[in-house]
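Trainee: For reference, the file data_32.cif (mmCIF, C-alpha atoms and all ligand atoms) is included below:
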```cif
data_target
#
loop_
_atom_site.group_PDB
_atom_site.id
_atom_site.type_symbol
_atom_site.label_atom_id
_atom_site.label_comp_id
_atom_site.auth_asym_id
_atom_site.auth_seq_id
_atom_site.Cartn_x
_atom_site.Cartn_y
_atom_site.Cartn_z
ATOM 1 C CA VAL A 1 0.000 0.000 0.000
ATOM 2 C CA PRO A 2 1.590 3.262 -1.139
ATOM 3 C CA PHE A 3 -0.463 5.608 1.012
ATOM 4 C CA THR A 4 0.638 7.238 4.223
ATOM 5 C CA SER A 5 -2.883 8.475 5.037
ATOM 6 C CA SER A 6 -5.717 6.132 5.862
ATOM 7 C CA VAL A 7 -7.212 4.845 2.622
ATOM 8 C CA ILE A 8 -10.637 5.082 4.264
ATOM 9 C CA GLU A 9 -10.134 8.829 4.646
ATOM 10 C CA LEU A 10 -8.926 9.147 1.063
ATOM 11 C CA ILE A 11 -11.997 7.311 -0.220
ATOM 12 C CA GLU A 12 -14.231 9.577 1.853
ATOM 13 C CA GLN A 13 -12.438 12.684 0.572
ATOM 14 C CA ARG A 14 -12.446 11.800 -3.125
ATOM 15 C CA TYR A 15 -15.211 13.136 -5.311
ATOM 16 C CA SER A 16 -15.513 14.006 -8.990
ATOM 17 C CA CYS A 17 -13.889 17.416 -9.215
ATOM 18 C CA ARG A 18 -14.887 19.192 -12.416
ATOM 19 C CA THR A 19 -13.483 22.671 -11.754
ATOM 20 C CA TYR A 20 -9.786 23.246 -11.324
ATOM 21 C CA LEU A 21 -7.562 26.221 -10.644
ATOM 22 C CA ASP A 22 -5.591 27.464 -13.589
ATOM 23 C CA LEU A 23 -2.346 26.466 -11.913
ATOM 24 C CA PRO A 24 0.086 23.753 -12.913
ATOM 25 C CA LEU A 25 0.769 20.910 -10.490
ATOM 26 C CA GLN A 26 3.666 21.614 -8.163
ATOM 27 C CA ALA A 27 6.910 19.984 -9.249
ATOM 28 C CA SER A 28 6.877 17.743 -6.171
ATOM 29 C CA GLN A 29 3.275 16.634 -6.842
ATOM 30 C CA ARG A 30 4.108 15.919 -10.461
ATOM 31 C CA GLN A 31 7.182 13.918 -9.515
ATOM 32 C CA ARG A 32 5.471 11.860 -6.839
ATOM 33 C CA LEU A 33 2.490 11.122 -9.075
ATOM 34 C CA ALA A 34 4.641 10.252 -12.083
ATOM 35 C CA GLY A 35 6.852 8.117 -9.852
ATOM 36 C CA TYR A 36 3.865 6.220 -8.502
ATOM 37 C CA LEU A 37 2.518 5.554 -11.999
ATOM 38 C CA THR A 38 5.624 3.622 -12.945
ATOM 39 C CA THR A 39 5.008 1.168 -10.076
ATOM 40 C CA ILE A 40 1.592 0.134 -11.447
ATOM 41 C CA LYS A 41 2.145 -2.685 -13.914
ATOM 42 C CA ALA A 42 -0.789 -5.080 -13.778
ATOM 43 C CA GLY A 43 -4.226 -5.439 -12.238
ATOM 44 C CA PRO A 44 -5.246 -8.094 -9.680
ATOM 45 C CA LEU A 45 -6.727 -10.244 -12.464
ATOM 46 C CA GLY A 46 -3.468 -10.206 -14.388
ATOM 47 C CA THR A 47 -3.953 -7.637 -17.160
ATOM 48 C CA PRO A 48 -0.880 -5.497 -17.881
ATOM 49 C CA GLY A 49 -1.406 -1.742 -17.890
ATOM 50 C CA ARG A 50 0.705 1.367 -18.469
ATOM 51 C CA PHE A 51 -0.014 4.835 -17.165
ATOM 52 C CA LYS A 52 1.195 8.359 -17.779
ATOM 53 C CA LEU A 53 0.615 11.888 -16.520
ATOM 54 C CA VAL A 54 0.303 14.443 -19.312
ATOM 55 C CA ALA A 55 -0.151 18.199 -19.203
ATOM 56 C CA ALA A 56 -3.499 19.407 -20.491
ATOM 57 C CA SER A 57 -3.496 21.472 -23.629
ATOM 58 C CA GLU A 58 -6.270 23.747 -24.901
ATOM 59 C CA GLN A 59 -6.996 21.179 -27.600
ATOM 60 C CA ASP A 60 -7.587 18.470 -24.989
ATOM 61 C CA HIS A 61 -10.434 20.403 -23.371
ATOM 62 C CA HIS A 62 -11.965 20.911 -26.774
ATOM 63 C CA ALA A 63 -11.351 17.369 -27.909
ATOM 64 C CA LEU A 64 -12.864 15.843 -24.759
ATOM 65 C CA ARG A 65 -16.229 17.278 -25.576
ATOM 66 C CA GLY A 66 -16.235 15.507 -28.902
ATOM 67 C CA LEU A 67 -15.171 12.215 -27.353
ATOM 68 C CA GLY A 68 -18.422 11.308 -25.676
ATOM 69 C CA THR A 69 -17.540 12.394 -22.168
ATOM 70 C CA TYR A 70 -20.284 14.133 -20.274
ATOM 71 C CA GLY A 71 -19.784 17.031 -17.895
ATOM 72 C CA ILE A 72 -17.531 19.912 -18.733
ATOM 73 C CA ILE A 73 -14.131 19.934 -17.152
ATOM 74 C CA ARG A 74 -12.853 23.429 -16.476
ATOM 75 C CA GLY A 75 -9.222 24.287 -16.090
ATOM 76 C CA ALA A 76 -7.740 20.813 -15.587
ATOM 77 C CA THR A 77 -3.991 21.073 -15.553
ATOM 78 C CA GLY A 78 -3.265 17.482 -16.312
ATOM 79 C CA TYR A 79 -4.641 14.151 -17.380
ATOM 80 C CA LEU A 80 -3.896 10.683 -16.154
ATOM 81 C CA ILE A 81 -4.002 8.423 -19.149
ATOM 82 C CA GLY A 82 -3.482 4.690 -19.399
ATOM 83 C CA THR A 83 -3.847 1.598 -21.494
ATOM 84 C CA VAL A 84 -4.611 -2.059 -20.843
ATOM 85 C CA SER A 85 -3.863 -5.054 -23.018
ATOM 86 C CA ASP A 86 -6.924 -6.818 -24.432
ATOM 87 C CA ALA A 87 -7.906 -9.593 -21.994
ATOM 88 C CA ALA A 88 -10.947 -11.188 -20.397
ATOM 89 C CA HIS A 89 -10.806 -8.865 -17.391
ATOM 90 C CA ASP A 90 -9.071 -5.862 -18.916
ATOM 91 C CA MET A 91 -11.748 -3.352 -17.899
ATOM 92 C CA GLU A 92 -11.909 -4.488 -14.262
ATOM 93 C CA ASP A 93 -8.118 -4.353 -14.052
ATOM 94 C CA PHE A 94 -8.049 -0.897 -15.639
ATOM 95 C CA GLY A 95 -10.602 0.399 -13.141
ATOM 96 C CA TYR A 96 -8.662 -1.097 -10.248
ATOM 97 C CA MET A 97 -5.301 0.324 -11.324
ATOM 98 C CA MET A 98 -6.558 3.799 -12.246
ATOM 99 C CA GLU A 99 -8.569 4.148 -9.031
ATOM 100 C CA GLN A 100 -5.444 3.413 -6.991
ATOM 101 C CA ILE A 101 -3.735 6.217 -8.883
ATOM 102 C CA ILE A 102 -6.713 8.486 -8.162
ATOM 103 C CA LEU A 103 -6.479 7.763 -4.438
ATOM 104 C CA PHE A 104 -2.761 8.538 -4.580
ATOM 105 C CA ALA A 105 -3.566 11.876 -6.270
ATOM 106 C CA THR A 106 -6.188 12.482 -3.559
ATOM 107 C CA GLU A 107 -3.504 12.006 -0.949
ATOM 108 C CA LEU A 108 -1.437 14.672 -2.718
ATOM 109 C CA GLY A 109 -4.412 17.000 -2.231
ATOM 110 C CA LEU A 110 -5.401 16.987 -5.906
ATOM 111 C CA GLY A 111 -8.856 16.805 -7.463
ATOM 112 C CA THR A 112 -9.679 14.180 -10.090
ATOM 113 C CA CYS A 113 -12.538 13.098 -12.338
ATOM 114 C CA TRP A 114 -13.003 9.902 -14.352
ATOM 115 C CA LEU A 115 -13.893 10.600 -17.987
ATOM 116 C CA GLY A 116 -15.306 7.812 -20.115
ATOM 117 C CA GLY A 117 -15.296 8.268 -23.850
ATOM 118 C CA THR A 118 -13.783 6.999 -27.060
ATOM 119 C CA PHE A 119 -10.096 7.647 -26.879
ATOM 120 C CA THR A 120 -8.692 5.156 -29.363
ATOM 121 C CA ARG A 121 -8.146 7.748 -32.043
ATOM 122 C CA SER A 122 -7.494 10.706 -29.788
ATOM 123 C CA SER A 123 -4.360 12.705 -29.104
ATOM 124 C CA PHE A 124 -4.288 10.893 -25.745
ATOM 125 C CA ALA A 125 -3.871 7.601 -27.584
ATOM 126 C CA ALA A 126 -1.078 9.035 -29.705
ATOM 127 C CA ASN A 127 0.603 10.163 -26.511
ATOM 128 C CA MET A 128 0.628 6.581 -25.185
ATOM 129 C CA ASP A 129 1.651 5.050 -28.510
ATOM 130 C CA LEU A 130 -1.449 2.853 -28.271
ATOM 131 C CA GLN A 131 -0.869 -0.618 -29.738
ATOM 132 C CA SER A 132 -3.454 -2.593 -31.711
ATOM 133 C CA ASP A 133 -3.909 -5.086 -28.856
ATOM 134 C CA GLU A 134 -4.456 -2.366 -26.261
ATOM 135 C CA SER A 135 -7.279 -0.021 -25.372
ATOM 136 C CA MET A 136 -7.594 3.278 -23.578
ATOM 137 C CA PRO A 137 -10.998 3.028 -21.894
ATOM 138 C CA CYS A 138 -11.021 6.285 -19.903
ATOM 139 C CA VAL A 139 -8.894 9.238 -18.980
ATOM 140 C CA VAL A 140 -8.855 11.106 -15.673
ATOM 141 C CA SER A 141 -8.534 14.863 -15.245
ATOM 142 C CA VAL A 142 -6.271 15.973 -12.415
ATOM 143 C CA GLY A 143 -5.502 19.383 -10.949
ATOM 144 C CA HIS A 144 -5.836 21.795 -8.075
ATOM 145 C CA ILE A 145 -9.363 21.898 -6.681
ATOM 146 C CA ALA A 146 -10.874 25.292 -7.480
ATOM 147 C CA SER A 147 -12.745 27.756 -5.328
ATOM 148 C CA HIS A 148 -14.212 28.127 -1.944
ATOM 149 C CA ARG A 149 -17.278 26.276 -2.949
ATOM 150 C CA SER A 150 -15.280 23.176 -3.694
ATOM 151 C CA LEU A 151 -13.698 23.304 -0.271
ATOM 152 C CA VAL A 152 -17.100 23.474 1.333
ATOM 153 C CA ASP A 153 -18.209 20.807 -1.062
ATOM 154 C CA ARG A 154 -15.353 18.652 -0.029
ATOM 155 C CA PHE A 155 -16.105 19.147 3.618
ATOM 156 C CA ILE A 156 -19.752 18.252 3.181
ATOM 157 C CA ARG A 157 -18.929 15.243 1.083
ATOM 158 C CA ARG A 158 -16.831 13.786 3.852
ATOM 159 C CA ASP A 159 -20.080 13.022 5.565
ATOM 160 C CA ALA A 160 -20.901 9.880 3.668
ATOM 161 C CA THR A 161 -24.597 10.094 4.442
ATOM 162 C CA VAL A 162 -25.121 13.005 2.069
ATOM 163 C CA ARG A 163 -23.655 11.143 -0.887
ATOM 164 C CA LYS A 164 -26.074 10.050 -3.516
ATOM 165 C CA ARG A 165 -25.723 6.329 -3.155
ATOM 166 C CA TRP A 166 -28.084 3.400 -2.824
ATOM 167 C CA ALA A 167 -28.611 2.165 0.701
ATOM 168 C CA TRP A 168 -27.165 -1.151 1.831
ATOM 169 C CA PRO A 169 -30.244 -3.325 1.175
ATOM 170 C CA ALA A 170 -30.047 -2.543 -2.549
ATOM 171 C CA LEU A 171 -26.373 -3.463 -2.815
ATOM 172 C CA PHE A 172 -25.259 -6.106 -0.344
ATOM 173 C CA PHE A 173 -26.774 -9.523 0.286
ATOM 174 C CA ASP A 174 -26.575 -12.353 2.767
ATOM 175 C CA ARG A 175 -26.179 -15.806 1.170
ATOM 176 C CA HIS A 176 -28.516 -15.028 -1.708
ATOM 177 C CA PHE A 177 -29.981 -12.148 -3.676
ATOM 178 C CA GLY A 178 -33.102 -10.734 -2.113
ATOM 179 C CA ARG A 179 -31.862 -11.136 1.435
ATOM 180 C CA PRO A 180 -30.217 -7.864 2.549
ATOM 181 C CA LEU A 181 -26.992 -8.055 4.512
ATOM 182 C CA SER A 182 -26.984 -6.050 7.742
ATOM 183 C CA ARG A 183 -23.906 -4.213 8.962
ATOM 184 C CA GLU A 184 -23.921 -6.489 11.994
ATOM 185 C CA ALA A 185 -23.817 -9.588 9.828
ATOM 186 C CA ALA A 186 -21.070 -8.058 7.660
ATOM 187 C CA ALA A 187 -19.114 -7.624 10.920
ATOM 188 C CA ASP A 188 -15.478 -6.613 10.312
ATOM 189 C CA HIS A 189 -16.119 -6.392 6.552
ATOM 190 C CA ALA A 190 -18.792 -3.699 6.960
ATOM 191 C CA VAL A 191 -16.236 -0.941 6.386
ATOM 192 C CA PRO A 192 -14.779 -2.423 3.161
ATOM 193 C CA LEU A 193 -18.375 -2.731 1.900
ATOM 194 C CA GLU A 194 -19.130 0.856 2.889
ATOM 195 C CA MET A 195 -16.067 1.924 0.875
ATOM 196 C CA VAL A 196 -17.487 0.042 -2.136
ATOM 197 C CA ARG A 197 -20.663 2.054 -1.679
ATOM 198 C CA LEU A 198 -18.682 5.309 -1.837
ATOM 199 C CA ALA A 199 -16.938 4.329 -5.062
ATOM 200 C CA PRO A 200 -17.372 6.449 -8.177
ATOM 201 C CA SER A 201 -19.241 4.837 -11.071
ATOM 202 C CA ALA A 202 -20.220 5.876 -14.582
ATOM 203 C CA SER A 203 -23.302 8.142 -14.341
ATOM 204 C CA ASN A 204 -23.382 7.156 -10.669
ATOM 205 C CA LYS A 205 -25.239 3.957 -11.599
ATOM 206 C CA GLN A 206 -23.546 1.931 -8.813
ATOM 207 C CA PRO A 207 -23.768 -1.394 -10.653
ATOM 208 C CA TRP A 208 -21.910 -3.383 -7.976
ATOM 209 C CA ARG A 209 -23.701 -6.043 -5.925
ATOM 210 C CA VAL A 210 -21.997 -8.194 -3.302
ATOM 211 C CA VAL A 211 -23.248 -11.475 -1.844
ATOM 212 C CA HIS A 212 -21.623 -12.788 1.331
ATOM 213 C CA LEU A 213 -21.437 -16.556 1.686
ATOM 214 C CA ASP A 214 -19.206 -18.534 4.043
ATOM 215 C CA GLY A 215 -16.161 -16.264 4.242
ATOM 216 C CA ALA A 216 -16.412 -15.263 0.595
ATOM 217 C CA TRP A 217 -17.546 -11.951 -0.895
ATOM 218 C CA HIS A 218 -18.975 -12.508 -4.352
ATOM 219 C CA PHE A 219 -19.029 -9.456 -6.611
ATOM 220 C CA TYR A 220 -21.691 -9.177 -9.324
ATOM 221 C CA LEU A 221 -22.308 -6.628 -12.035
ATOM 222 C CA GLN A 222 -25.910 -5.478 -12.239
ATOM 223 C CA ARG A 223 -26.063 -3.831 -15.640
ATOM 224 C CA ASN A 224 -28.260 -0.903 -16.484
ATOM 225 C CA THR A 225 -30.090 -1.237 -19.759
ATOM 226 C CA TRP A 226 -28.316 1.654 -21.403
ATOM 227 C CA TYR A 227 -24.928 0.343 -20.358
ATOM 228 C CA GLY A 228 -25.495 -3.107 -21.853
ATOM 229 C CA GLU A 229 -22.521 -4.692 -23.565
ATOM 230 C CA ARG A 230 -24.210 -4.310 -26.937
ATOM 231 C CA ASN A 231 -24.749 -0.555 -26.610
ATOM 232 C CA MET A 232 -21.174 -0.082 -25.486
ATOM 233 C CA LYS A 233 -19.914 -1.851 -28.579
ATOM 234 C CA LEU A 234 -22.257 0.092 -30.851
ATOM 235 C CA LEU A 235 -21.055 3.370 -29.408
ATOM 236 C CA LEU A 236 -17.424 2.204 -29.476
ATOM 237 C CA LEU A 237 -17.374 2.946 -25.781
ATOM 238 C CA ALA A 238 -15.441 0.907 -23.292
ATOM 239 C CA ASP A 239 -17.514 -1.341 -21.065
ATOM 240 C CA LEU A 240 -17.708 1.315 -18.363
ATOM 241 C CA GLN A 241 -19.650 -0.781 -15.894
ATOM 242 C CA ARG A 242 -16.887 -3.393 -15.795
ATOM 243 C CA ILE A 243 -14.531 -0.519 -14.983
ATOM 244 C CA ASP A 244 -16.902 0.380 -12.144
ATOM 245 C CA LEU A 245 -16.494 -3.156 -10.797
ATOM 246 C CA GLY A 246 -12.703 -2.823 -10.844
ATOM 247 C CA ILE A 247 -12.944 0.458 -8.950
ATOM 248 C CA ALA A 248 -15.118 -1.236 -6.308
ATOM 249 C CA MET A 249 -12.590 -4.075 -6.038
ATOM 250 C CA SER A 250 -9.795 -1.612 -5.310
ATOM 251 C CA HIS A 251 -11.812 0.136 -2.576
ATOM 252 C CA PHE A 252 -12.746 -3.184 -0.986
ATOM 253 C CA GLU A 253 -9.257 -4.673 -1.061
ATOM 254 C CA LEU A 254 -7.348 -1.553 0.039
ATOM 255 C CA THR A 255 -9.738 -1.072 2.949
ATOM 256 C CA ALA A 256 -9.645 -4.733 3.952
ATOM 257 C CA ARG A 257 -5.839 -4.663 3.944
ATOM 258 C CA GLU A 258 -5.761 -1.455 5.966
ATOM 259 C CA LEU A 259 -7.972 -3.170 8.560
ATOM 260 C CA GLY A 260 -5.740 -6.240 8.593
ATOM 261 C CA LEU A 261 -8.324 -8.454 6.878
ATOM 262 C CA ALA A 262 -6.457 -10.882 4.634
ATOM 263 C CA GLY A 263 -7.852 -12.390 1.463
ATOM 264 C CA SER A 264 -7.376 -12.726 -2.275
ATOM 265 C CA TRP A 265 -9.293 -12.458 -5.537
ATOM 266 C CA GLN A 266 -10.549 -15.596 -7.243
ATOM 267 C CA ILE A 267 -12.807 -16.221 -10.169
ATOM 268 C CA GLU A 268 -15.024 -19.172 -9.421
ATOM 269 C CA GLU A 269 -18.746 -18.651 -9.672
ATOM 270 C CA PRO A 270 -20.560 -19.843 -6.558
ATOM 271 C CA VAL A 271 -23.853 -21.693 -6.560
ATOM 272 C CA ILE A 272 -26.017 -18.647 -5.976
ATOM 273 C CA ALA A 273 -29.159 -18.157 -8.041
ATOM 274 C CA VAL A 274 -28.897 -15.001 -10.157
ATOM 275 C CA THR A 275 -32.482 -14.020 -10.733
ATOM 276 C CA ASP A 276 -31.992 -10.801 -12.704
ATOM 277 C CA PRO A 277 -31.103 -11.384 -16.369
ATOM 278 C CA ARG A 278 -28.924 -8.270 -16.365
ATOM 279 C CA ALA A 279 -26.816 -9.424 -13.424
ATOM 280 C CA GLU A 280 -23.603 -11.372 -13.948
ATOM 281 C CA TYR A 281 -20.947 -12.844 -11.679
ATOM 282 C CA VAL A 282 -17.538 -11.177 -11.858
ATOM 283 C CA VAL A 283 -15.139 -12.070 -9.034
ATOM 284 C CA THR A 284 -14.831 -13.263 -5.431
ATOM 285 C CA TRP A 285 -12.815 -11.945 -2.506
ATOM 286 C CA GLN A 286 -11.977 -15.068 -0.526
ATOM 287 C CA GLN A 287 -11.065 -14.387 3.090
ATOM 288 C CA ALA A 288 -7.831 -16.027 4.133
HETATM 289 C C1 LIG B 1 -15.959 4.764 -15.527
HETATM 290 C C2 LIG B 1 -16.429 6.158 -15.198
HETATM 291 C C3 LIG B 1 -16.672 7.081 -16.210
HETATM 292 C C4 LIG B 1 -17.088 8.397 -15.909
HETATM 293 N N1 LIG B 1 -17.246 9.301 -16.928
HETATM 294 C C5 LIG B 1 -17.533 10.601 -16.623
HETATM 295 C C6 LIG B 1 -17.609 11.574 -17.668
HETATM 296 O O1 LIG B 1 -17.413 11.272 -18.854
HETATM 297 N N2 LIG B 1 -17.864 12.859 -17.318
HETATM 298 C C7 LIG B 1 -18.076 13.239 -16.019
HETATM 299 O O2 LIG B 1 -18.304 14.416 -15.762
HETATM 300 N N3 LIG B 1 -18.027 12.307 -14.987
HETATM 301 C C8 LIG B 1 -17.751 11.016 -15.274
HETATM 302 N N4 LIG B 1 -17.667 10.078 -14.257
HETATM 303 C C9 LIG B 1 -17.884 10.494 -12.833
HETATM 304 C C10 LIG B 1 -19.234 9.991 -12.251
HETATM 305 O O3 LIG B 1 -20.288 10.734 -12.790
HETATM 306 C C11 LIG B 1 -19.176 10.093 -10.703
HETATM 307 O O4 LIG B 1 -18.180 9.225 -10.231
HETATM 308 C C12 LIG B 1 -20.493 9.750 -10.009
HETATM 309 O O5 LIG B 1 -21.484 10.641 -10.393
HETATM 310 C C13 LIG B 1 -20.362 9.768 -8.465
HETATM 311 O O6 LIG B 1 -19.953 11.026 -7.992
HETATM 312 P P1 LIG B 1 -18.601 11.214 -7.170
HETATM 313 O O7 LIG B 1 -17.460 10.691 -8.028
HETATM 314 O O8 LIG B 1 -18.490 12.697 -6.940
HETATM 315 O O9 LIG B 1 -18.671 10.434 -5.892
HETATM 316 C C14 LIG B 1 -17.285 8.771 -14.545
HETATM 317 C C15 LIG B 1 -17.056 7.824 -13.541
HETATM 318 C C16 LIG B 1 -16.633 6.546 -13.842
HETATM 319 C C17 LIG B 1 -16.339 5.585 -12.727
#
```
Kindly transcribe the structure held in the file into C-alpha cells.
Mentor:
Amino acid sequence: VPFTSSVIELIEQRYSCRTYLDLPLQASQRQRLAGYLTTIKAGPLGTPGRFKLVAASEQDHHALRGLGTYGIIRGATGYLIGTVSDAAHDMEDFGYMMEQIILFATELGLGTCWLGGTFTRSSFAANMDLQSDESMPCVVSVGHIASHRSLVDRFIRRDATVRKRWAWPALFFDRHFGRPLSREAAADHAVPLEMVRLAPSASNKQPWRVVHLDGAWHFYLQRNTWYGERNMKLLLLADLQRIDLGIAMSHFELTARELGLAGSWQIEEPVIAVTDPRAEYVVTWQQA
C-alpha cells in the first residue's frame, strides 16, 4: 500500500472534481504522481497496464467534448491516461489500477474526475503510442481543486450520508440475492463494503452487488439497460460498468488490507441463483 494516510479517509475525501484552478501541479506533486505511476504494472486479475501523466493542452479540453464524455471539465492542468492489453478482465483491471492512482492523487491534495469516452483515435492515444492489442478506456482529469465552494463541497462530502448512493439493502446480500446483509452480519467487513458504496461509477449507476457466503464476498455486475454490452460496442465505448467493478474491487481490497483483513481475488462462480437477467458474476474476494 503506497499511502501514508488512511485509505478510508482518502476514499471519503475523493469526489468528482470538475473545476480546477488554472495552476500547474507543483513539481513535487508531479514527480510523486509520475513516480507512482511507474510502479503500477498489472491489475489483480493479471492484465498489464501502463499509465502516464500528461499536461493538459487547450486542444484536450476541446477534444474531450467531442469524445463522448459528459460534464464539462474546467481548467484541468493534467490528465492521467493509461492503457490495458486486451484480456478477459481488462476493464476491471483498468478500473482497479486507475482508481489506486486516483487515491494517490487524492492524498497529494489533488482533485480528479473519471472521464469515459472513445479515446482510441485521440491525441491521448497518440501520446501513449497505443498498440493494436491495447485499449484506452477512460482518462482522468487531475488538478488543483478550485474555489471556496469546492472546499465546502469537499467538507460536506466527507459526511458519507449526504452522498447520492443506494442504501445497503439494494447493494449487499446475505447468502442469496433478495436477502439484505446487515452491517452487523457483515461484521469486520462492513467498512470495506461501505467503501465500495462510496466508489465512483459511470453516471453514478452503482452497478456493484456483493453477496456474502461462508467467508467469501462474491461481486456481481448489475447492468443498467443503457450500459449493456451491446450498446457499449455500438457506441465504441469501453464497457464502463466493468470498470466500475474494478474500482469497487480496489476500494474493498485496500480497505480490507488497511484493517488487517487478509484475502485474495478468485474467479469461481458460486452456486447462488442469479435471478436478474442483467446481473452477472464477476469475481470473489476469498477471506484467508
Ligand atoms: C468509468 C467512469 C466514467 C465516468 N465518466 C464521466 C464523464 O465522462 N464525465 C463526467 O463528468 N463524470 C464522469 N464520471 C464520474 C461519475 O459521474 C461520478 O463518479 C459519479 O457521479 C459519483 O460522484 P462522485 O465521483 O463525486 O462520488 C465517470 C465515472 C466513472 C467511474
Trainee: For atom C2 of ligand LIG 1 (chain B) and atom CA of Ala187 of chain A, determine how far apart the two atoms are, in Å to one decimal place.
Mentor: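 Between these atoms lies a distance of 29.7 Å.
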Trainee: Using all atoms listed in the file, which of A:His212, A:Ser28, A:Thr106, A:Val196 sits nearest Arg179 of chain A?
Mentor: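 Answer, going by the shortest atom-to-atom distance: A:His212.
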Trainee: Around ligand LIG 1 (chain B), fit a box with edges along x, y and z, padding it by 4 Å on each side, then list its centre and edge lengths in Å to one decimal as AutoDock Vina command-line options.
Mentor:
```
--center_x -18.7 --center_y 9.6 --center_z -12.4 --size_x 13.5 --size_y 17.7 --size_z 21.0
```
Trainee: May I ask you to write as a PDB file with C-alpha atoms, in the frame of the given file all residues lying at most 6 Å from ligand LIG 1 (chain B), with all atoms listed in the file counted?
Mentor:
```pdb
ATOM      1  CA  TYR A  15     -15.211  13.136  -5.311  1.00  0.00           C
ATOM      2  CA  SER A  16     -15.513  14.006  -8.990  1.00  0.00           C
ATOM      3  CA  THR A  69     -17.540  12.394 -22.168  1.00  0.00           C
ATOM      4  CA  TYR A  70     -20.284  14.133 -20.274  1.00  0.00           C
ATOM      5  CA  GLY A  71     -19.784  17.031 -17.895  1.00  0.00           C
ATOM      6  CA  CYS A 113     -12.538  13.098 -12.338  1.00  0.00           C
ATOM      7  CA  TRP A 114     -13.003   9.902 -14.352  1.00  0.00           C
ATOM      8  CA  LEU A 115     -13.893  10.600 -17.987  1.00  0.00           C
ATOM      9  CA  GLY A 116     -15.306   7.812 -20.115  1.00  0.00           C
ATOM     10  CA  PRO A 200     -17.372   6.449  -8.177  1.00  0.00           C
ATOM     11  CA  SER A 201     -19.241   4.837 -11.071  1.00  0.00           C
ATOM     12  CA  ALA A 202     -20.220   5.876 -14.582  1.00  0.00           C
ATOM     13  CA  SER A 203     -23.302   8.142 -14.341  1.00  0.00           C
ATOM     14  CA  ASN A 204     -23.382   7.156 -10.669  1.00  0.00           C
ATOM     15  CA  LEU A 240     -17.708   1.315 -18.363  1.00  0.00           C
ATOM     16  CA  ILE A 243     -14.531  -0.519 -14.983  1.00  0.00           C
ATOM     17  CA  ASP A 244     -16.902   0.380 -12.144  1.00  0.00           C
TER      18      ASP A 244
END
```
Trainee: Could you state which residues are captured by the PyMOL selection byres (((chain A and resi 104) around 10) and not hetatm) in this file, as a list in words?
Mentor: Pro2, Phe3, Thr4, Ser5, Val7, Leu10, Arg32, Leu33, Tyr36, Leu37, Met98, Glu99, Gln100, Ile101, Ile102, Leu103, Ala105, Thr106, Glu107, Leu108, Gly109 and Leu110 of chain A
Trainee: Write the residues of the selection above to a file with C-alpha atoms, as a short mmCIF file (atom, residue, chain, number, x, y, z; two decimals), keeping the file's coordinate frame.
Mentor:
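Okay, this is what ended up in part_6.cif:
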```cif
data_model
loop_
_atom_site.label_atom_id
_atom_site.label_comp_id
_atom_site.auth_asym_id
_atom_site.auth_seq_id
_atom_site.Cartn_x
_atom_site.Cartn_y
_atom_site.Cartn_z
CA PRO A 2 1.59 3.26 -1.14
CA PHE A 3 -0.46 5.61 1.01
CA THR A 4 0.64 7.24 4.22
CA SER A 5 -2.88 8.48 5.04
CA VAL A 7 -7.21 4.84 2.62
CA LEU A 10 -8.93 9.15 1.06
CA ARG A 32 5.47 11.86 -6.84
CA LEU A 33 2.49 11.12 -9.07
CA TYR A 36 3.86 6.22 -8.50
CA LEU A 37 2.52 5.55 -12.00
CA MET A 98 -6.56 3.80 -12.25
CA GLU A 99 -8.57 4.15 -9.03
CA GLN A 100 -5.44 3.41 -6.99
CA ILE A 101 -3.74 6.22 -8.88
CA ILE A 102 -6.71 8.49 -8.16
CA LEU A 103 -6.48 7.76 -4.44
CA ALA A 105 -3.57 11.88 -6.27
CA THR A 106 -6.19 12.48 -3.56
CA GLU A 107 -3.50 12.01 -0.95
CA LEU A 108 -1.44 14.67 -2.72
CA GLY A 109 -4.41 17.00 -2.23
CA LEU A 110 -5.40 16.99 -5.91
#
```
Trainee: Of the candidates A:Phe51, A:Gln286, A:Pro207, A:Ser6, which shows the shortest atom-to-atom distance to Leu254 of chain A, using all atoms listed in the file?
Mentor: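 Of A:Phe51, A:Gln286, A:Pro207, A:Ser6, the one nearest Leu254 of chain A, counting all atoms listed in the file, is A:Ser6.
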Trainee: If you count all atoms listed in the file, which residues fall within 9 Å of Thr284 of chain A, apart from same-chain ones fewer than 4 positions away, as a list of chain:residue names?
Mentor: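 Final neighbour list, sorted by chain and number: A:Ala216, A:Trp217, A:His218, A:Phe219, A:Tyr220, A:Ser264, A:Trp265, A:Gln266, A:Ile267, A:Glu268, A:Glu269, A:Pro270.
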Trainee: Kindly save the residues from that selection, with C-alpha atoms included, as a PDB file, keeping the file's coordinate frame.
Mentor:
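Written file, again20.pdb:
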```
ATOM      1  CA  ALA A 216     -16.412 -15.263   0.595  1.00  0.00           C
ATOM      2  CA  TRP A 217     -17.546 -11.951  -0.895  1.00  0.00           C
ATOM      3  CA  HIS A 218     -18.975 -12.508  -4.352  1.00  0.00           C
ATOM      4  CA  PHE A 219     -19.029  -9.456  -6.611  1.00  0.00           C
ATOM      5  CA  TYR A 220     -21.691  -9.177  -9.324  1.00  0.00           C
ATOM      6  CA  SER A 264      -7.376 -12.726  -2.275  1.00  0.00           C
ATOM      7  CA  TRP A 265      -9.293 -12.458  -5.537  1.00  0.00           C
ATOM      8  CA  GLN A 266     -10.549 -15.596  -7.243  1.00  0.00           C
ATOM      9  CA  ILE A 267     -12.807 -16.221 -10.169  1.00  0.00           C
ATOM     10  CA  GLU A 268     -15.024 -19.172  -9.421  1.00  0.00           C
ATOM     11  CA  GLU A 269     -18.746 -18.651  -9.672  1.00  0.00           C
ATOM     12  CA  PRO A 270     -20.560 -19.843  -6.558  1.00  0.00           C
TER      13      PRO A 270
END
```
Trainee: When distances are computed from all atoms listed in the file, which of A:Met249, A:Ala256, A:Val274, A:Ala199 shows the smallest separation from Ile11 of chain A?
Mentor: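 Using all atoms listed in the file, the shortest distance to Ile11 of chain A belongs to A:Ala199.
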Trainee: Report the distance between atom CA of Asp93 of chain A and atom CA of Ser250 of chain A in Å, rounded to one decimal place.
Mentor: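 The value is 9.3 Å.
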Trainee: Have a look at A:Ala56, A:Met195, A:Leu237, A:Met232 and name the one nearest to Cys138 of chain A; count all atoms listed in the file.
Mentor: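 Nearest candidate to Cys138 of chain A out of A:Ala56, A:Met195, A:Leu237, A:Met232: A:Leu237.
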